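To be precise, the following lines are final_10.txt, and they hold compact mmCIF, C-alpha atoms.
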```
# COMPACT_ATOMS: atom_id res chain seq x y z
CA MET A 1 153.58 -91.93 33.09
CA LEU A 2 149.97 -91.96 31.97
CA THR A 3 149.13 -94.11 28.96
CA ILE A 4 147.26 -92.40 26.12
CA PRO A 5 144.00 -94.29 25.42
CA CYS A 6 143.59 -95.31 21.78
CA ARG A 7 140.43 -93.22 21.55
CA LEU A 8 142.55 -90.12 22.35
CA CYS A 9 145.49 -91.04 20.07
CA PRO A 10 146.75 -87.81 18.44
CA LEU A 11 147.53 -89.65 15.19
CA ARG A 12 143.87 -90.49 14.59
CA ARG A 13 143.02 -86.91 13.65
CA HIS A 14 145.17 -87.05 10.52
CA ALA A 15 143.46 -87.90 7.24
CA LEU A 16 146.39 -90.17 6.34
CA PHE A 17 145.04 -92.86 8.66
CA VAL A 18 141.88 -94.88 8.09
CA PRO A 19 139.39 -94.26 10.94
CA PHE A 20 138.67 -97.05 13.43
CA THR A 21 135.23 -98.53 13.72
CA ASP A 22 133.87 -98.67 17.28
CA GLU A 23 134.65 -102.40 17.40
CA GLU A 24 138.22 -101.89 16.16
CA LEU A 25 138.81 -99.13 18.69
CA ALA A 26 137.59 -101.32 21.54
CA PHE A 27 139.83 -104.17 20.38
CA MET A 28 142.91 -101.93 20.09
CA GLU A 29 142.42 -100.61 23.62
CA ARG A 30 142.50 -104.22 24.85
CA PHE A 31 145.44 -105.11 22.56
CA LYS A 32 147.62 -102.20 23.70
CA GLN A 33 149.79 -103.01 26.73
CA GLY A 34 151.33 -99.61 27.43
CA GLU A 35 153.92 -97.20 26.06
CA LEU A 36 157.68 -97.13 25.74
CA VAL A 37 159.88 -94.03 25.74
CA ALA A 38 163.15 -94.48 23.84
CA ALA A 39 166.03 -92.02 24.06
CA ALA A 40 167.70 -90.75 20.89
CA GLY A 41 170.39 -93.20 19.82
CA SER A 42 168.92 -96.18 21.65
CA THR A 43 168.24 -99.51 19.95
CA ILE A 44 164.58 -100.48 20.06
CA LEU A 45 164.92 -103.82 18.26
CA LEU A 46 168.18 -105.62 17.55
CA GLU A 47 168.88 -107.71 14.47
CA GLY A 48 168.85 -111.39 15.43
CA SER A 49 166.85 -110.83 18.61
CA SER A 50 163.40 -112.19 19.45
CA SER A 51 161.36 -109.38 20.97
CA PRO A 52 158.26 -110.15 23.03
CA GLN A 53 156.75 -106.84 21.95
CA LEU A 54 155.39 -105.08 18.88
CA PHE A 55 155.25 -101.30 18.54
CA THR A 56 153.51 -98.43 16.79
CA VAL A 57 155.50 -95.19 16.59
CA LEU A 58 153.44 -92.56 18.37
CA SER A 59 156.02 -89.76 18.09
CA GLY A 60 159.62 -89.29 17.03
CA GLN A 61 161.67 -90.72 14.19
CA GLY A 62 163.98 -93.69 13.77
CA VAL A 63 165.72 -95.86 11.23
CA ARG A 64 165.60 -99.52 10.16
CA SER A 65 168.97 -100.94 9.11
CA LYS A 66 170.71 -104.22 8.37
CA THR A 67 174.37 -104.87 9.08
CA LEU A 68 176.51 -106.97 6.73
CA PRO A 69 179.08 -109.45 8.10
CA ASP A 70 181.92 -107.01 7.35
CA GLY A 71 180.26 -104.25 9.34
CA ARG A 72 178.83 -102.24 6.46
CA ARG A 73 175.27 -101.01 6.92
CA GLN A 74 172.24 -100.80 4.66
CA VAL A 75 169.47 -98.44 5.76
CA LEU A 76 166.18 -100.08 4.79
CA ASN A 77 163.93 -97.13 5.52
CA PHE A 78 163.13 -94.39 7.98
CA LEU A 79 160.52 -94.66 10.73
CA PHE A 80 157.87 -92.02 11.24
CA PRO A 81 154.80 -91.66 13.49
CA GLY A 82 152.18 -94.24 12.59
CA ASP A 83 154.65 -96.92 11.47
CA PHE A 84 154.28 -100.43 12.89
CA VAL A 85 157.48 -102.07 14.16
CA GLY A 86 158.40 -105.65 15.07
CA LEU A 87 156.03 -107.62 12.86
CA GLN A 88 158.97 -109.50 11.40
CA ALA A 89 159.95 -110.94 14.78
CA GLY A 90 156.30 -111.60 15.53
CA LEU A 91 155.92 -113.84 12.48
CA LEU A 92 159.46 -115.15 11.83
CA GLY A 93 160.67 -115.51 15.41
CA GLU A 94 163.53 -113.01 15.22
CA MET A 95 164.37 -109.63 13.77
CA LYS A 96 166.21 -109.59 10.45
CA HIS A 97 167.13 -105.93 10.90
CA SER A 98 167.66 -103.42 13.72
CA VAL A 99 165.53 -100.44 14.70
CA GLU A 100 167.19 -97.37 16.24
CA ALA A 101 165.71 -94.15 17.60
CA ARG A 102 167.20 -91.02 16.05
CA THR A 103 165.12 -88.67 18.19
CA PRO A 104 163.37 -89.28 21.50
CA MET A 105 160.52 -91.62 20.57
CA MET A 106 157.30 -92.73 22.18
CA LEU A 107 155.91 -96.07 21.04
CA CYS A 108 152.66 -97.87 21.76
CA VAL A 109 153.46 -101.38 23.02
CA PHE A 110 151.62 -104.57 22.09
CA ASP A 111 152.25 -108.07 23.42
CA ARG A 112 153.56 -110.29 20.61
CA SER A 113 151.86 -113.32 22.13
CA SER A 114 148.51 -111.60 21.50
CA LEU A 115 149.18 -111.35 17.77
CA TRP A 116 147.33 -114.57 17.03
CA ARG A 117 144.41 -113.35 19.12
CA LEU A 118 144.21 -110.40 16.75
CA PHE A 119 143.84 -112.75 13.78
CA ARG A 120 141.20 -114.82 15.55
CA ALA A 121 139.18 -112.07 17.20
CA SER A 122 139.45 -109.16 14.75
CA PRO A 123 139.62 -110.18 11.07
CA ALA A 124 139.43 -106.53 9.98
CA ARG A 125 142.48 -105.64 12.08
CA ALA A 126 144.27 -108.75 10.77
CA TYR A 127 143.59 -107.52 7.23
CA ASP A 128 145.06 -104.15 8.15
CA LEU A 129 148.18 -105.91 9.39
CA THR A 130 148.44 -107.77 6.09
CA TRP A 131 148.03 -104.46 4.24
CA ILE A 132 150.88 -102.94 6.24
CA ALA A 133 153.14 -105.88 5.39
CA ALA A 134 152.21 -105.62 1.70
CA VAL A 135 152.97 -101.89 1.62
CA GLU A 136 156.38 -102.46 3.22
CA GLU A 137 157.14 -105.08 0.56
CA HIS A 138 156.03 -102.67 -2.17
CA PHE A 139 158.20 -99.89 -0.74
CA LEU A 140 161.24 -102.16 -0.67
CA GLY A 141 160.53 -103.14 -4.26
CA GLU A 142 160.30 -99.48 -5.24
CA THR A 143 163.59 -98.84 -3.44
CA VAL A 144 165.29 -101.69 -5.34
CA ALA A 145 164.01 -100.21 -8.60
CA SER A 146 165.35 -96.82 -7.57
CA LEU A 147 168.78 -98.24 -6.72
CA GLY A 148 168.91 -100.13 -9.99
CA GLN A 149 167.51 -97.59 -12.44
CA ARG A 150 167.74 -94.05 -11.04
CA ASP A 151 170.98 -92.08 -11.03
CA ALA A 152 172.15 -90.28 -7.88
CA THR A 153 170.17 -87.09 -8.45
CA GLU A 154 167.02 -89.03 -9.30
CA ARG A 155 167.40 -91.24 -6.20
CA VAL A 156 167.83 -88.32 -3.82
CA ALA A 157 164.96 -86.38 -5.42
CA TRP A 158 162.66 -89.42 -5.16
CA ALA A 159 163.58 -90.14 -1.54
CA LEU A 160 163.32 -86.57 -0.25
CA LEU A 161 159.96 -86.03 -1.93
CA ARG A 162 158.58 -89.26 -0.43
CA ILE A 163 159.82 -88.27 3.02
CA TRP A 164 158.57 -84.67 2.79
CA THR A 165 155.06 -85.65 1.66
CA ARG A 166 154.76 -88.34 4.33
CA LEU A 167 155.81 -86.02 7.17
CA ARG A 168 153.43 -83.32 5.97
CA ALA A 169 150.60 -85.85 5.89
CA ILE A 170 151.03 -86.56 9.61
CA GLY A 171 150.92 -82.90 10.52
CA LEU A 172 154.64 -82.25 10.99
CA SER A 173 154.86 -79.34 8.57
CA GLU A 174 156.23 -76.22 10.24
CA ASP A 175 155.95 -72.52 9.36
CA GLY A 176 157.42 -72.08 5.89
CA GLY A 177 156.69 -75.66 4.86
CA ALA A 178 159.72 -77.39 6.43
CA VAL A 179 159.40 -80.77 8.15
CA PRO A 180 161.65 -82.23 10.86
CA PHE A 181 164.13 -84.71 9.36
CA PRO A 182 166.77 -85.31 12.06
CA PHE A 183 169.00 -87.73 10.18
CA ARG A 184 172.55 -87.54 8.87
CA GLN A 185 173.61 -87.38 5.25
CA GLN A 186 175.29 -90.74 5.88
CA ASP A 187 171.87 -92.25 6.67
CA LEU A 188 170.47 -91.04 3.37
CA ALA A 189 173.58 -92.25 1.54
CA ASP A 190 173.25 -95.69 3.15
CA ALA A 191 169.57 -95.86 2.22
CA LEU A 192 170.21 -94.98 -1.42
CA GLY A 193 173.40 -96.91 -2.08
CA LEU A 194 175.51 -93.78 -2.55
CA SER A 195 178.78 -92.59 -1.08
CA LEU A 196 178.66 -89.74 1.41
CA VAL A 197 180.62 -87.52 -1.00
CA HIS A 198 178.21 -88.24 -3.86
CA THR A 199 175.22 -87.60 -1.61
CA ASN A 200 176.66 -84.29 -0.42
CA LYS A 201 177.30 -83.13 -3.99
CA THR A 202 173.81 -84.16 -5.08
CA LEU A 203 172.17 -82.29 -2.21
CA ALA A 204 174.27 -79.23 -3.06
CA ARG A 205 173.06 -79.42 -6.66
CA LEU A 206 169.40 -79.66 -5.62
CA ARG A 207 169.92 -76.74 -3.24
CA ALA A 208 171.54 -74.67 -6.01
CA LEU A 209 168.53 -75.39 -8.24
CA GLY A 210 166.27 -74.01 -5.53
CA LEU A 211 164.45 -77.33 -5.00
CA VAL A 212 165.52 -78.55 -1.56
CA ARG A 213 167.01 -77.24 1.68
CA TRP A 214 168.10 -79.71 4.34
CA SER A 215 169.96 -78.29 7.30
CA GLU A 216 169.84 -78.36 11.10
CA GLY A 217 167.40 -81.26 11.07
CA ARG A 218 164.85 -79.52 8.84
CA LEU A 219 163.85 -80.48 5.29
CA HIS A 220 162.15 -77.96 3.00
CA VAL A 221 160.99 -78.72 -0.54
CA SER A 222 160.52 -75.52 -2.55
CA ASP A 223 159.18 -76.99 -5.80
CA PRO A 224 157.58 -80.42 -5.25
CA ARG A 225 156.38 -80.78 -8.83
CA ARG A 226 159.81 -80.18 -10.32
CA LEU A 227 161.38 -82.48 -7.72
CA ALA A 228 158.90 -85.20 -8.69
CA GLU A 229 159.83 -84.80 -12.34
CA MET A 230 163.51 -85.03 -11.48
CA GLY A 231 162.89 -88.17 -9.42
CA HIS A 232 160.70 -89.77 -12.12
CA THR A 233 157.85 -90.20 -9.68
CA ASP A 234 154.31 -88.92 -9.24
CA LEU A 235 153.41 -85.99 -7.05
CA GLU A 236 150.54 -87.35 -5.03
CA ARG A 237 149.34 -87.54 -1.47
CA PRO A 238 150.44 -90.66 0.42
CA GLU A 239 147.88 -93.47 0.28
CA ARG A 240 145.61 -93.71 3.31
CA ARG A 241 146.82 -96.40 5.65
CA PRO A 242 145.56 -98.30 8.68
CA LEU A 243 146.85 -97.37 12.10
CA MET A 244 147.74 -100.18 14.49
```

Encoded form using structure tokens:
Amino acid sequence: MLTIPCRLCPLRRHALFVPFTDEELAFMERFKQGELVAAAGSTILLEGSSSPQLFTVLSGQGVRSKTLPDGRRQVLNFLFPGDFVGLQAGLLGEMKHSVEARTPMMLCVFDRSSLWRLFRASPARAYDLTWIAAVEEHFLGETVASLGQRDATERVAWALLRIWTRLRAIGLSEDGGAVPFPFRQQDLADALGLSLVHTNKTLARLRALGLVRWSEGRLHVSDPRRLAEMGHTDLERPERRPLM
């Protein structure tokens, strides 16, 4: 399989991602080791493991989750193209959560042992890595606030709007405005701290209001502004982000 050079990366054409300088592009082409193809349902990183590799999602979607001692699962967030994966193991020595592919995925592969070279040789790229870590922390904080303060309808409205706007920003909007969202209702329930029954009823209510349709792996938001109001969040484009 041919490796896609960073200069030809299809993600770079999207306005969501901050453009590389010539120096950053040259560094990333040296930093990248190859590509990994993961089948749907496969585990990319396992909680408790120490992976020698770091990844950027080039295509496909996945899920980050943590398993409790009694077997219950908490979905931390969903993975979309452009997301960086494995930084936790790179800095802490082992993964504190698992990463699973929900569709066939292609990932750019980086050698974890080269992480410190990135900090030494490319301060701008190291800053981008710090920014990514800070945004993940902010998202988790926003999720905790949602679980603690939003009711079920508000949680689902907030989550679906965030997902829909992010997928549109990376060019995955289809005819009619739908985006691919190939997850199960149980995944959304686990992410939002709801039961499957409660999640199903909430989705039915949003569908009856003409705000959301989610079926056969496609998510369509009919009235983003009203959905934002219901989720007590702002309707805005996702913040531009660095691409590793």

Show me as a tab-separated table (two decimals) with C-alpha atoms, keeping the file's coordinate frame the residues that reach within 7 Å of (160.5, -100.9, 21.7), counting only C-alpha atoms and using the file's own coordinates.
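Saved the output as selection38.tsv:
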```tsv
chain	number	residue	atom	x	y	z
A	36	LEU	CA	157.68	-97.13	25.74
A	44	ILE	CA	164.58	-100.48	20.06
A	45	LEU	CA	164.92	-103.82	18.26
A	55	PHE	CA	155.25	-101.30	18.54
A	107	LEU	CA	155.91	-96.07	21.04
```

Can you tell me which residues surround Asp83 in chain A at a distance of at most 12 Å, considering all atoms listed in the file, apart from same-chain residues fewer than 2 positions away, and format the answer as a PDB file with C-alpha atoms, keeping the file's coordinate frame?
```pdb
ATOM      1  CA  LEU A  11     147.530 -89.650  15.190  1.00  0.00           C
ATOM      2  CA  LEU A  16     146.390 -90.170   6.340  1.00  0.00           C
ATOM      3  CA  PHE A  17     145.040 -92.860   8.660  1.00  0.00           C
ATOM      4  CA  LEU A  54     155.390-105.080  18.880  1.00  0.00           C
ATOM      5  CA  PHE A  55     155.250-101.300  18.540  1.00  0.00           C
ATOM      6  CA  THR A  56     153.510 -98.430  16.790  1.00  0.00           C
ATOM      7  CA  VAL A  57     155.500 -95.190  16.590  1.00  0.00           C
ATOM      8  CA  LEU A  58     153.440 -92.560  18.370  1.00  0.00           C
ATOM      9  CA  SER A  59     156.020 -89.760  18.090  1.00  0.00           C
ATOM     10  CA  GLY A  60     159.620 -89.290  17.030  1.00  0.00           C
ATOM     11  CA  GLN A  61     161.670 -90.720  14.190  1.00  0.00           C
ATOM     12  CA  GLY A  62     163.980 -93.690  13.770  1.00  0.00           C
ATOM     13  CA  VAL A  63     165.720 -95.860  11.230  1.00  0.00           C
ATOM     14  CA  ARG A  64     165.600 -99.520  10.160  1.00  0.00           C
ATOM     15  CA  ASN A  77     163.930 -97.130   5.520  1.00  0.00           C
ATOM     16  CA  PHE A  78     163.130 -94.390   7.980  1.00  0.00           C
ATOM     17  CA  LEU A  79     160.520 -94.660  10.730  1.00  0.00           C
ATOM     18  CA  PHE A  80     157.870 -92.020  11.240  1.00  0.00           C
ATOM     19  CA  PRO A  81     154.800 -91.660  13.490  1.00  0.00           C
ATOM     20  CA  VAL A  85     157.480-102.070  14.160  1.00  0.00           C
ATOM     21  CA  GLY A  86     158.400-105.650  15.070  1.00  0.00           C
ATOM     22  CA  LEU A  87     156.030-107.620  12.860  1.00  0.00           C
ATOM     23  CA  VAL A  99     165.530-100.440  14.700  1.00  0.00           C
ATOM     24  CA  MET A 106     157.300 -92.730  22.180  1.00  0.00           C
ATOM     25  CA  LEU A 107     155.910 -96.070  21.040  1.00  0.00           C
ATOM     26  CA  CYS A 108     152.660 -97.870  21.760  1.00  0.00           C
ATOM     27  CA  LEU A 129     148.180-105.910   9.390  1.00  0.00           C
ATOM     28  CA  ILE A 132     150.880-102.940   6.240  1.00  0.00           C
ATOM     29  CA  ALA A 133     153.140-105.880   5.390  1.00  0.00           C
ATOM     30  CA  VAL A 135     152.970-101.890   1.620  1.00  0.00           C
ATOM     31  CA  GLU A 136     156.380-102.460   3.220  1.00  0.00           C
ATOM     32  CA  ARG A 166     154.760 -88.340   4.330  1.00  0.00           C
ATOM     33  CA  LEU A 167     155.810 -86.020   7.170  1.00  0.00           C
ATOM     34  CA  ILE A 170     151.030 -86.560   9.610  1.00  0.00           C
ATOM     35  CA  ARG A 241     146.820 -96.400   5.650  1.00  0.00           C
ATOM     36  CA  PRO A 242     145.560 -98.300   8.680  1.00  0.00           C
ATOM     37  CA  LEU A 243     146.850 -97.370  12.100  1.00  0.00           C
ATOM     38  CA  MET A 244     147.740-100.180  14.490  1.00  0.00           C
TER      39      MET A 244
END
```

Check your understanding: Mind pulling up the distance from CA of Leu188 in chain A to CA of Arg218 in chain A?
Key ->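 Taking CA of Arg218 in chain A as the start and CA of Leu188 in chain A as the end point, the length is 13.9 Å.
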
Point to revise | Near-range 229-238 of chain A list (8 Å; only C-alpha atoms; drop same-chain fewer than 2 positions) as a ChimeraX atom specification | key: /A:16,150,153-158,165-166,169,224-227,240

**Study point:** Neighbour list for Leu76 in chain A as a list in words, cut-off 10 Å, all atoms listed in the file, skip fewer than 3 positions in-chain
**Key:**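 Selected residues are Val63, Arg64, Ser65, Lys66, Arg73, Leu79, His97, Ser98, Val99, Phe139, Leu140, Thr143, Asp187, Asp190, Ala191 and Leu192 of chain A.
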
Review point. So which one's closest to Val221 in chain A, A:Tyr127, A:Phe110, A:Phe31, A:Trp164? Using only C-alpha atoms, please.
Key: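 Counting only C-alpha atoms, the residue closest to Val221 in chain A is A:Trp164.
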
**Study point:** Nearest candidate to Ile163 in chain A (options A:Ser215, A:Ser113, A:His220, A:Gln149; using all atoms listed in the file)
**Key:**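 Looking at the shortest contact to Ile163 in chain A, the residue is A:His220.
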
Exercise for review: Have a look at CA of Ser50 in chain A and CA of Gly71 in chain A and let me know their distance in Å, one decimal.
Suggested key: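 Going from CA of Ser50 in chain A over to CA of Gly71 in chain A, I get 21.2 Å.
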
**Study point:** Distance in Å - CA of Gly193 in chain A versus CA of Ala152 in chain A
**Key:**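 Atom-to-atom, CA of Gly193 in chain A to CA of Ala152 in chain A, that is 8.9 Å.
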
Would you compute the box with edges along x, y and z of the file around range 161-175 of chain A, including every atom the file lists for it and 3 Å extra on each side, and give its centre and edge lengths in Å to one decimal, as JSON?
```
{"center_x": 155.3, "center_y": -80.9, "center_z": 4.5, "size_x": 15.4, "size_y": 22.7, "size_z": 18.9}
```

Point to revise | Nearest residue to Glu29 in chain A from the set A:Gly210, A:Gly217, A:Pro52, A:Pro5 (distances using all atoms listed in the file) | key: A:Pro5

Point to revise | Neighbour list for Thr21 in chain A as a PyMOL selection string, cut-off 12 Å, all atoms listed in the file, skip fewer than 2 positions in-chain | key: chain A and resi 7+12+18-19+23-28+122+124-125+242-243

Output file for the selection above: C-alpha atoms, as a short mmCIF file (atom, residue, chain, number, x, y, z; two decimals), in the frame of the given file:
```cif
data_model
loop_
_atom_site.label_atom_id
_atom_site.label_comp_id
_atom_site.auth_asym_id
_atom_site.auth_seq_id
_atom_site.Cartn_x
_atom_site.Cartn_y
_atom_site.Cartn_z
CA ARG A 7 140.43 -93.22 21.55
CA ARG A 12 143.87 -90.49 14.59
CA VAL A 18 141.88 -94.88 8.09
CA PRO A 19 139.39 -94.26 10.94
CA GLU A 23 134.65 -102.40 17.40
CA GLU A 24 138.22 -101.89 16.16
CA LEU A 25 138.81 -99.13 18.69
CA ALA A 26 137.59 -101.32 21.54
CA PHE A 27 139.83 -104.17 20.38
CA MET A 28 142.91 -101.93 20.09
CA SER A 122 139.45 -109.16 14.75
CA ALA A 124 139.43 -106.53 9.98
CA ARG A 125 142.48 -105.64 12.08
CA PRO A 242 145.56 -98.30 8.68
CA LEU A 243 146.85 -97.37 12.10
#
```
